[in-house]
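Q: The structure file input-v2.cif (mmCIF, C-alpha atoms) is provided below.
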```
data_run
loop_
_atom_site.label_atom_id
_atom_site.label_comp_id
_atom_site.auth_asym_id
_atom_site.auth_seq_id
_atom_site.Cartn_x
_atom_site.Cartn_y
_atom_site.Cartn_z
CA MET I 1 61.71 -112.33 -18.30
CA LEU I 2 61.65 -109.18 -20.40
CA PHE I 3 58.87 -108.30 -22.83
CA LYS I 4 58.70 -105.24 -25.08
CA GLN I 5 56.17 -104.13 -27.68
CA LEU I 6 57.86 -102.02 -30.35
CA PHE I 7 56.13 -99.94 -33.04
CA ASP I 8 56.94 -98.91 -36.61
CA THR I 9 55.08 -95.71 -37.39
CA ASP I 10 55.38 -96.01 -41.19
CA SER I 11 53.48 -99.31 -41.41
CA SER I 12 51.80 -99.33 -37.97
CA THR I 13 53.52 -102.67 -37.35
CA TYR I 14 54.09 -104.09 -33.90
CA THR I 15 57.30 -106.02 -33.28
CA TYR I 16 57.67 -108.08 -30.11
CA PHE I 17 60.85 -108.66 -28.14
CA ILE I 18 60.91 -111.50 -25.60
CA ALA I 19 64.05 -112.20 -23.61
CA ASP I 20 65.20 -114.40 -20.77
CA VAL I 21 67.85 -112.08 -19.42
CA ASP I 22 69.18 -114.65 -16.95
CA ALA I 23 69.71 -117.18 -19.74
CA SER I 24 70.85 -114.48 -22.21
CA GLU I 25 68.52 -115.56 -25.03
CA ALA I 26 65.88 -113.60 -26.91
CA VAL I 27 63.28 -113.83 -29.68
CA LEU I 28 61.86 -111.19 -32.03
CA ILE I 29 58.46 -111.49 -33.71
CA ASP I 30 57.84 -109.56 -36.95
CA PRO I 31 60.96 -107.35 -37.02
CA VAL I 32 61.01 -104.43 -39.49
CA ASP I 33 64.12 -103.84 -41.59
CA THR I 34 64.37 -100.12 -40.78
CA HIS I 35 64.74 -100.84 -37.05
CA ILE I 36 67.69 -103.24 -37.08
CA GLU I 37 69.94 -100.94 -35.03
CA ALA I 38 67.27 -100.57 -32.35
CA TYR I 39 66.96 -104.36 -32.07
CA LEU I 40 70.73 -104.78 -31.87
CA ASN I 41 70.89 -102.13 -29.17
CA LEU I 42 68.23 -103.96 -27.18
CA LEU I 43 70.17 -107.21 -27.44
CA GLN I 44 73.38 -105.50 -26.38
CA GLN I 45 71.72 -103.60 -23.56
CA HIS I 46 70.35 -106.79 -22.05
CA GLN I 47 73.34 -108.94 -23.06
CA CYS I 48 71.18 -111.43 -24.95
CA ALA I 49 71.78 -113.50 -28.05
CA LEU I 50 68.93 -113.55 -30.57
CA LYS I 51 67.88 -117.14 -31.14
CA TYR I 52 64.88 -116.70 -33.45
CA SER I 53 63.41 -114.09 -35.76
CA LEU I 54 59.80 -115.18 -36.23
CA GLU I 55 57.34 -114.08 -38.92
CA THR I 56 53.57 -114.28 -38.60
CA HIS I 57 53.30 -114.21 -42.43
CA VAL I 58 54.84 -112.78 -45.59
CA HIS I 59 54.03 -109.10 -45.11
CA ALA I 60 52.70 -106.77 -47.79
CA ASP I 61 53.24 -103.44 -46.03
CA HIS I 62 56.86 -103.54 -44.87
CA ILE I 63 60.07 -105.48 -45.41
CA THR I 64 61.11 -107.86 -42.69
CA GLY I 65 64.33 -107.41 -40.78
CA GLY I 66 64.74 -111.17 -40.35
CA GLY I 67 67.41 -111.69 -42.99
CA LYS I 68 69.54 -108.78 -41.79
CA LEU I 69 69.26 -109.99 -38.21
CA ARG I 70 70.43 -113.43 -39.31
CA GLN I 71 73.48 -111.84 -40.91
CA LYS I 72 74.33 -109.77 -37.85
CA THR I 73 73.41 -112.14 -35.01
CA ALA I 74 73.24 -115.69 -36.44
CA ALA I 75 69.58 -115.86 -35.40
CA LEU I 76 67.43 -118.45 -37.16
CA THR I 77 64.67 -117.05 -39.36
CA ALA I 78 61.36 -118.89 -39.08
CA VAL I 79 58.18 -118.69 -41.15
CA ALA I 80 55.33 -121.06 -41.98
CA SER I 81 56.10 -123.51 -44.77
CA ALA I 82 52.96 -122.32 -46.61
CA CYS I 83 54.45 -118.83 -46.98
CA GLY I 84 56.83 -119.78 -49.78
CA ALA I 85 59.82 -118.16 -48.08
CA GLN I 86 62.30 -120.84 -49.04
CA THR I 87 65.36 -119.01 -47.69
CA ALA I 88 64.05 -119.10 -44.10
CA ASP I 89 66.00 -121.41 -41.80
CA LEU I 90 62.89 -122.96 -40.26
CA GLN I 91 59.72 -123.88 -42.16
CA LEU I 92 57.04 -123.95 -39.46
CA SER I 93 53.97 -126.16 -39.21
CA ASP I 94 50.93 -126.14 -36.95
CA GLY I 95 51.77 -127.53 -33.52
CA ASP I 96 55.51 -126.94 -33.71
CA VAL I 97 57.10 -125.81 -30.47
CA LEU I 98 60.05 -123.43 -30.46
CA THR I 99 62.23 -123.28 -27.38
CA PHE I 100 64.57 -120.60 -26.11
CA ALA I 101 66.15 -120.61 -22.67
CA SER I 102 63.52 -122.53 -20.66
CA GLU I 103 60.60 -120.97 -22.56
CA LYS I 104 58.29 -122.52 -25.16
CA ILE I 105 56.45 -120.85 -28.04
CA LEU I 106 53.60 -122.80 -29.67
CA VAL I 107 53.08 -122.39 -33.42
CA ILE I 108 49.39 -122.12 -34.37
CA SER I 109 48.57 -122.14 -38.08
CA THR I 110 45.94 -119.45 -38.71
CA PRO I 111 45.51 -119.17 -42.49
CA GLY I 112 43.09 -116.69 -44.01
CA HIS I 113 44.83 -113.35 -44.34
CA THR I 114 47.43 -115.35 -46.26
CA PRO I 115 47.75 -119.14 -46.64
CA GLY I 116 50.79 -119.14 -44.37
CA SER I 117 49.53 -116.83 -41.63
CA THR I 118 50.64 -118.04 -38.22
CA SER I 119 50.05 -117.09 -34.61
CA PHE I 120 52.47 -117.70 -31.76
CA LEU I 121 51.42 -118.53 -28.18
CA TRP I 122 53.89 -117.78 -25.40
CA ARG I 123 52.65 -118.24 -21.85
CA ASP I 124 49.37 -116.27 -21.71
CA ARG I 125 50.25 -114.07 -24.70
CA LEU I 126 49.09 -114.69 -28.23
CA PHE I 127 50.82 -112.94 -31.13
CA THR I 128 48.30 -112.98 -33.96
CA GLY I 129 49.95 -111.05 -36.78
CA ASP I 130 47.14 -110.02 -39.14
CA ALA I 131 44.89 -113.00 -38.38
CA LEU I 132 43.13 -111.33 -35.46
CA LEU I 133 43.39 -107.61 -34.79
CA ILE I 134 41.89 -105.53 -32.00
CA ASN I 135 38.24 -105.09 -32.99
CA GLY I 136 39.02 -106.43 -36.45
CA CYS I 137 41.01 -108.92 -38.52
CA GLY I 138 43.31 -108.89 -41.51
CA ARG I 139 41.91 -108.46 -45.01
CA THR I 140 41.56 -111.56 -47.19
CA ASP I 141 41.36 -110.10 -50.71
CA PHE I 142 44.94 -110.63 -51.92
CA GLN I 143 47.97 -112.97 -51.54
CA GLY I 144 45.75 -116.04 -51.73
CA GLY I 145 43.61 -114.91 -48.81
CA SER I 146 40.40 -116.70 -47.86
CA ALA I 147 37.61 -115.33 -45.69
CA GLU I 148 36.37 -118.85 -45.01
CA SER I 149 39.80 -119.98 -43.79
CA GLN I 150 40.14 -116.83 -41.69
CA TYR I 151 36.84 -117.48 -39.95
CA ASN I 152 37.81 -121.07 -39.20
CA SER I 153 41.23 -120.02 -37.89
CA ILE I 154 39.76 -117.46 -35.51
CA ILE I 155 36.57 -119.19 -34.36
CA ASN I 156 37.81 -122.78 -34.18
CA LYS I 157 41.39 -122.15 -33.09
CA LEU I 158 42.06 -118.79 -31.47
CA PHE I 159 38.66 -118.41 -29.83
CA THR I 160 39.05 -121.81 -28.15
CA LEU I 161 41.88 -120.40 -26.03
CA SER I 162 41.21 -119.07 -22.55
CA ASP I 163 39.28 -115.80 -22.48
CA GLU I 164 42.12 -114.35 -20.40
CA THR I 165 44.69 -114.99 -23.15
CA LEU I 166 46.19 -111.64 -24.12
CA VAL I 167 46.03 -110.75 -27.82
CA TYR I 168 48.99 -108.85 -29.26
CA PRO I 169 48.25 -108.01 -32.92
CA GLY I 170 50.60 -107.38 -35.80
CA HIS I 171 49.13 -103.93 -36.40
CA ASP I 172 46.90 -101.31 -34.93
CA TYR I 173 46.01 -98.01 -36.55
CA GLN I 174 44.37 -96.35 -33.55
CA GLY I 175 47.04 -96.64 -30.89
CA ARG I 176 45.60 -99.72 -29.18
CA ARG I 177 48.23 -102.09 -27.86
CA VAL I 178 46.60 -105.22 -26.45
CA SER I 179 43.29 -107.04 -26.20
CA CYS I 180 42.23 -110.47 -24.96
CA ILE I 181 40.37 -113.42 -26.39
CA GLY I 182 37.29 -112.79 -24.24
CA GLN I 183 37.00 -109.21 -25.45
CA GLU I 184 37.38 -110.13 -29.12
CA LYS I 185 34.77 -112.89 -28.80
CA ALA I 186 32.35 -110.45 -27.18
CA ILE I 187 32.69 -107.21 -29.16
CA ASN I 188 34.81 -107.65 -32.31
CA PRO I 189 32.39 -106.19 -34.90
CA ARG I 190 33.47 -108.58 -37.66
CA LEU I 191 33.27 -111.72 -35.55
CA ALA I 192 31.11 -111.41 -32.44
CA GLY I 193 27.91 -113.36 -33.06
CA LYS I 194 28.61 -113.58 -36.79
CA SER I 195 27.97 -116.67 -38.86
CA LEU I 196 30.43 -117.79 -41.52
CA GLU I 197 28.17 -116.37 -44.20
CA GLU I 198 27.92 -113.00 -42.45
CA PHE I 199 31.68 -112.86 -41.96
CA VAL I 200 32.39 -113.66 -45.61
CA GLU I 201 29.94 -110.94 -46.67
CA ILE I 202 31.73 -108.40 -44.48
CA MET I 203 35.17 -109.38 -45.73
CA ASN I 204 34.12 -109.36 -49.38
CA ASN I 205 32.90 -105.79 -49.12
CA LEU I 206 35.71 -103.98 -47.29
CA ASN I 207 36.82 -102.23 -50.50
CA LEU I 208 40.27 -101.40 -49.15
CA PRO I 209 43.01 -99.83 -51.29
CA LYS I 210 45.95 -101.95 -52.42
CA PRO I 211 48.84 -101.80 -49.92
CA ARG I 212 51.34 -99.21 -51.11
CA LEU I 213 54.41 -101.45 -50.85
CA ILE I 214 52.90 -104.83 -51.76
CA ASP I 215 54.77 -105.24 -55.07
CA ILE I 216 58.08 -104.61 -53.31
CA ALA I 217 57.45 -106.11 -49.88
CA VAL I 218 56.00 -109.50 -50.79
CA PRO I 219 58.85 -110.70 -53.05
CA ALA I 220 61.42 -109.22 -50.65
CA ASN I 221 59.86 -110.97 -47.68
CA ARG I 222 59.88 -114.30 -49.47
CA MET I 223 63.67 -113.81 -49.39
CA CYS I 224 63.61 -112.87 -45.67
CA GLY I 225 64.22 -109.26 -46.68
CA ILE I 226 67.59 -109.98 -48.36
CA PRO I 227 67.92 -109.50 -52.15
CA GLU I 228 68.63 -112.72 -54.02
CA ASP I 229 71.84 -111.41 -55.59
CA THR I 230 73.15 -110.54 -52.10
CA LEU I 231 72.43 -114.07 -50.93
CA MET I 232 74.26 -115.56 -53.91
CA GLN I 233 77.29 -113.39 -53.19
CA GLY I 234 77.32 -114.67 -49.62
#
```
Starting from the coordinates I provided, produce the structure as structure tokens.

A:
Amino acid sequence: MLFKQLFDTDSSTYTYFIADVDASEAVLIDPVDTHIEAYLNLLQQHQCALKYSLETHVHADHITGGGKLRQKTAALTAVASACGAQTADLQLSDGDVLTFASEKILVISTPGHTPGSTSFLWRDRLFTGDALLINGCGRTDFQGGSAESQYNSIINKLFTLSDETLVYPGHDYQGRRVSCIGQEKAINPRLAGKSLEEFVEIMNNLNLPKPRLIDIAVPANRMCGIPEDTLMQG
């Protein structure tokens, strides 16, 4: 198996590449549209076909590369049904299992950052998008976010996984690459030892600026990153 963690410096987004080289199949999680050539080069280098392009949610800070990858590789785009991305090939629900080669990826619905936020569990690796970050979590003050739902998703779903489960977030702004469930349960300042009420108070007072690209990225990502007029032409 081959696993790579890729990084977009403009949005501090992590993209994940998982491939079974022997079976010649691969998956990408949260691809960014400005890195399409790099993804295609990876696929060619390892002689793999891209089976899925997975999204943890409809992003507000970058445009997904999922639609372009579908055009160039015939990969299936996949996003939670609650995201409102009707052009995606697969509308995911909690408990779904995606298979590629002989591997399985479990879909875990983790709403809060957005209603459709989703985490993916592959082997001992959990890809959390913006639901759970290293020493933090995604904001809940736009796109239908809910601090209460976020708390429930993390405490009652993600934190029930083994402490040794590796946490690979959708972003990090300080160069950190990986954590684990045990570490986040013990020292995450927004979550460790916090009640629901305390968590909601923290999240309601972050006072973060509006994402720079939100008005462009969200509608684009509901179309898998492909403009509607382009889709109609196809």

Q: May I have the residues within 8 Å of stretch 5-15 of chain I as a ChimeraX atom specification, using all atoms listed in the file and disregarding those fewer than 3 positions away in the same chain?

A: /I:28-32,61-62,169-173

Q: Using all atoms listed in the file for the distances, tell me which of I:Ile226, I:Ala192, I:Ala23, I:Leu54 is nearest to I:Ile155.

A: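 Among I:Ile226, I:Ala192, I:Ala23, I:Leu54, it is I:Ala192 that comes nearest to I:Ile155.
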
Q: If we count all atoms listed in the file, what is near I:Gln45 at a cut-off of 12 Å, once residues fewer than 3 positions away on the same chain are taken out, given as an MDAnalysis selection string?

A: chainID I and resid 2 19 21 24 37:42 48:49

Q: Exactly which residues make up the result of the PyMOL selection byres ((chain I and resi 106) around 8) on this file, given as a VMD selection string?

A: chain I and resid 95 to 98 104 to 105 107 to 108 120 to 122

Q: Generate the output file for the selected residues, C-alpha atoms, as a PDB file, keeping the file's coordinate frame.

A:
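out_18.pdb, written as the output of this step:
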```pdb
ATOM      1  CA  GLY I  95      51.770-127.530 -33.520  1.00  0.00           C
ATOM      2  CA  ASP I  96      55.510-126.940 -33.710  1.00  0.00           C
ATOM      3  CA  VAL I  97      57.100-125.810 -30.470  1.00  0.00           C
ATOM      4  CA  LEU I  98      60.050-123.430 -30.460  1.00  0.00           C
ATOM      5  CA  LYS I 104      58.290-122.520 -25.160  1.00  0.00           C
ATOM      6  CA  ILE I 105      56.450-120.850 -28.040  1.00  0.00           C
ATOM      7  CA  VAL I 107      53.080-122.390 -33.420  1.00  0.00           C
ATOM      8  CA  ILE I 108      49.390-122.120 -34.370  1.00  0.00           C
ATOM      9  CA  PHE I 120      52.470-117.700 -31.760  1.00  0.00           C
ATOM     10  CA  LEU I 121      51.420-118.530 -28.180  1.00  0.00           C
ATOM     11  CA  TRP I 122      53.890-117.780 -25.400  1.00  0.00           C
TER      12      TRP I 122
END
```

Q: Point out the residue among I:Phe159, I:His57, I:Met1, I:Gln86 with the least atom-to-atom distance to I:Pro111, counting all atoms listed in the file.

A: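 Result for the nearest residue to I:Pro111: I:His57.
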
Q: Given all atoms listed in the file as the basis, pick out the residue of I:Cys137, I:Ser195, I:Pro219, I:Phe127 nearest to I:Thr165.

A: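 That would be I:Phe127, the residue with the smallest distance to I:Thr165.
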
Q: For the provided coordinates, the residues matched by the PyMOL selection byres ((chain I and resi 115) around 8) should be stated as a list in words.

A: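 Those residues are Ala82, Cys83, Pro111, Gly112, His113, Thr114, Gly116, Ser117, Gln143, Gly144, Gly145 and Ser146 of chain I.
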
Q: Which one of I:Thr87, I:Arg125, I:Val58, I:Asn156 sits closest to I:Arg70 if you count only C-alpha atoms?

A: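 Nearest to I:Arg70: I:Thr87.
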
Q: Atom CA of I:Gly225 to atom CA of I:Thr128: how many Å, to one decimal?

A: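 Result for atom CA of I:Gly225 versus atom CA of I:Thr128: 20.7 Å, one decimal.
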
Q: So what do you get for atom CA of I:Arg176 versus atom CA of I:Asn135, distance-wise?

A: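 Separating atom CA of I:Arg176 from atom CA of I:Asn135 is a distance of 9.9 Å.
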
Q: If you measure from atom CA of I:Ala60 to atom CA of I:Ile214, what distance in Å do you get, rounded to one decimal?

A: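 Atom CA of I:Ile214 lies 4.4 Å from atom CA of I:Ala60.
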
Q: Write out as number ranges by chain the residues lying within 10 Å of stretch 188-191 of chain I, counting only C-alpha atoms and excluding same-chain residues fewer than 5 positions away.

A: I: 132-137, 151, 154-155, 181-183, 196, 198-203

Q: Please complete stretch 170-193 of chain I with N, CA and C atoms and give it back as a JSON list (two decimals), keeping the file's coordinate frame.

A:
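Contents of rebuild_3.json, freshly written:
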```
[["chain", "number", "residue", "atom", "x", "y", "z"],
["I", 170, "GLY", "N", 49.50, -107.82, -34.96],
["I", 170, "GLY", "CA", 50.60, -107.38, -35.80],
["I", 170, "GLY", "C", 50.53, -105.91, -36.16],
["I", 171, "HIS", "N", 49.33, -105.35, -36.07],
["I", 171, "HIS", "CA", 49.13, -103.93, -36.40],
["I", 171, "HIS", "C", 48.03, -103.35, -35.52],
["I", 172, "ASP", "N", 48.07, -102.06, -35.36],
["I", 172, "ASP", "CA", 46.90, -101.31, -34.93],
["I", 172, "ASP", "C", 47.06, -99.88, -35.42],
["I", 173, "TYR", "N", 45.97, -99.33, -35.91],
["I", 173, "TYR", "CA", 46.01, -98.01, -36.55],
["I", 173, "TYR", "C", 45.37, -96.93, -35.68],
["I", 174, "GLN", "N", 45.01, -97.30, -34.45],
["I", 174, "GLN", "CA", 44.37, -96.35, -33.55],
["I", 174, "GLN", "C", 45.07, -96.27, -32.19],
["I", 175, "GLY", "N", 46.28, -96.76, -32.12],
["I", 175, "GLY", "CA", 47.04, -96.64, -30.89],
["I", 175, "GLY", "C", 46.73, -97.68, -29.84],
["I", 176, "ARG", "N", 45.91, -98.66, -30.15],
["I", 176, "ARG", "CA", 45.60, -99.72, -29.18],
["I", 176, "ARG", "C", 46.73, -100.74, -29.18],
["I", 177, "ARG", "N", 47.04, -101.27, -28.01],
["I", 177, "ARG", "CA", 48.23, -102.09, -27.86],
["I", 177, "ARG", "C", 47.95, -103.56, -27.55],
["I", 178, "VAL", "N", 46.85, -103.85, -26.88],
["I", 178, "VAL", "CA", 46.60, -105.22, -26.45],
["I", 178, "VAL", "C", 45.11, -105.43, -26.22],
["I", 179, "SER", "N", 44.67, -106.65, -26.47],
["I", 179, "SER", "CA", 43.29, -107.04, -26.20],
["I", 179, "SER", "C", 43.34, -108.39, -25.49],
["I", 180, "CYS", "N", 42.24, -109.09, -25.47],
["I", 180, "CYS", "CA", 42.23, -110.47, -24.96],
["I", 180, "CYS", "C", 41.18, -111.26, -25.72],
["I", 181, "ILE", "N", 41.28, -112.56, -25.65],
["I", 181, "ILE", "CA", 40.37, -113.42, -26.39],
["I", 181, "ILE", "C", 38.92, -113.17, -25.99],
["I", 182, "GLY", "N", 38.65, -113.02, -24.70],
["I", 182, "GLY", "CA", 37.29, -112.79, -24.24],
["I", 182, "GLY", "C", 36.69, -111.52, -24.83],
["I", 183, "GLN", "N", 37.49, -110.47, -24.89],
["I", 183, "GLN", "CA", 37.00, -109.21, -25.45],
["I", 183, "GLN", "C", 36.69, -109.35, -26.93],
["I", 184, "GLU", "N", 37.60, -109.99, -27.68],
["I", 184, "GLU", "CA", 37.38, -110.13, -29.12],
["I", 184, "GLU", "C", 36.16, -111.02, -29.41],
["I", 185, "LYS", "N", 35.95, -112.05, -28.62],
["I", 185, "LYS", "CA", 34.77, -112.89, -28.80],
["I", 185, "LYS", "C", 33.49, -112.11, -28.54],
["I", 186, "ALA", "N", 33.56, -111.16, -27.60],
["I", 186, "ALA", "CA", 32.35, -110.45, -27.18],
["I", 186, "ALA", "C", 32.00, -109.26, -28.06],
["I", 187, "ILE", "N", 33.03, -108.49, -28.53],
["I", 187, "ILE", "CA", 32.69, -107.21, -29.16],
["I", 187, "ILE", "C", 33.37, -106.96, -30.50],
["I", 188, "ASN", "N", 34.20, -107.88, -31.00],
["I", 188, "ASN", "CA", 34.81, -107.65, -32.31],
["I", 188, "ASN", "C", 33.70, -107.54, -33.36],
["I", 189, "PRO", "N", 33.55, -106.40, -34.02],
["I", 189, "PRO", "CA", 32.39, -106.19, -34.90],
["I", 189, "PRO", "C", 32.35, -107.11, -36.11],
["I", 190, "ARG", "N", 33.47, -107.67, -36.52],
["I", 190, "ARG", "CA", 33.47, -108.58, -37.66],
["I", 190, "ARG", "C", 33.18, -110.02, -37.26],
["I", 191, "LEU", "N", 33.30, -110.32, -35.97],
["I", 191, "LEU", "CA", 33.27, -111.72, -35.55],
["I", 191, "LEU", "C", 32.23, -112.04, -34.48],
["I", 192, "ALA", "N", 31.99, -111.12, -33.57],
["I", 192, "ALA", "CA", 31.11, -111.41, -32.44],
["I", 192, "ALA", "C", 29.69, -111.72, -32.92],
["I", 193, "GLY", "N", 29.26, -112.95, -32.68],
["I", 193, "GLY", "CA", 27.91, -113.36, -33.06],
["I", 193, "GLY", "C", 27.69, -113.54, -34.54]]
```
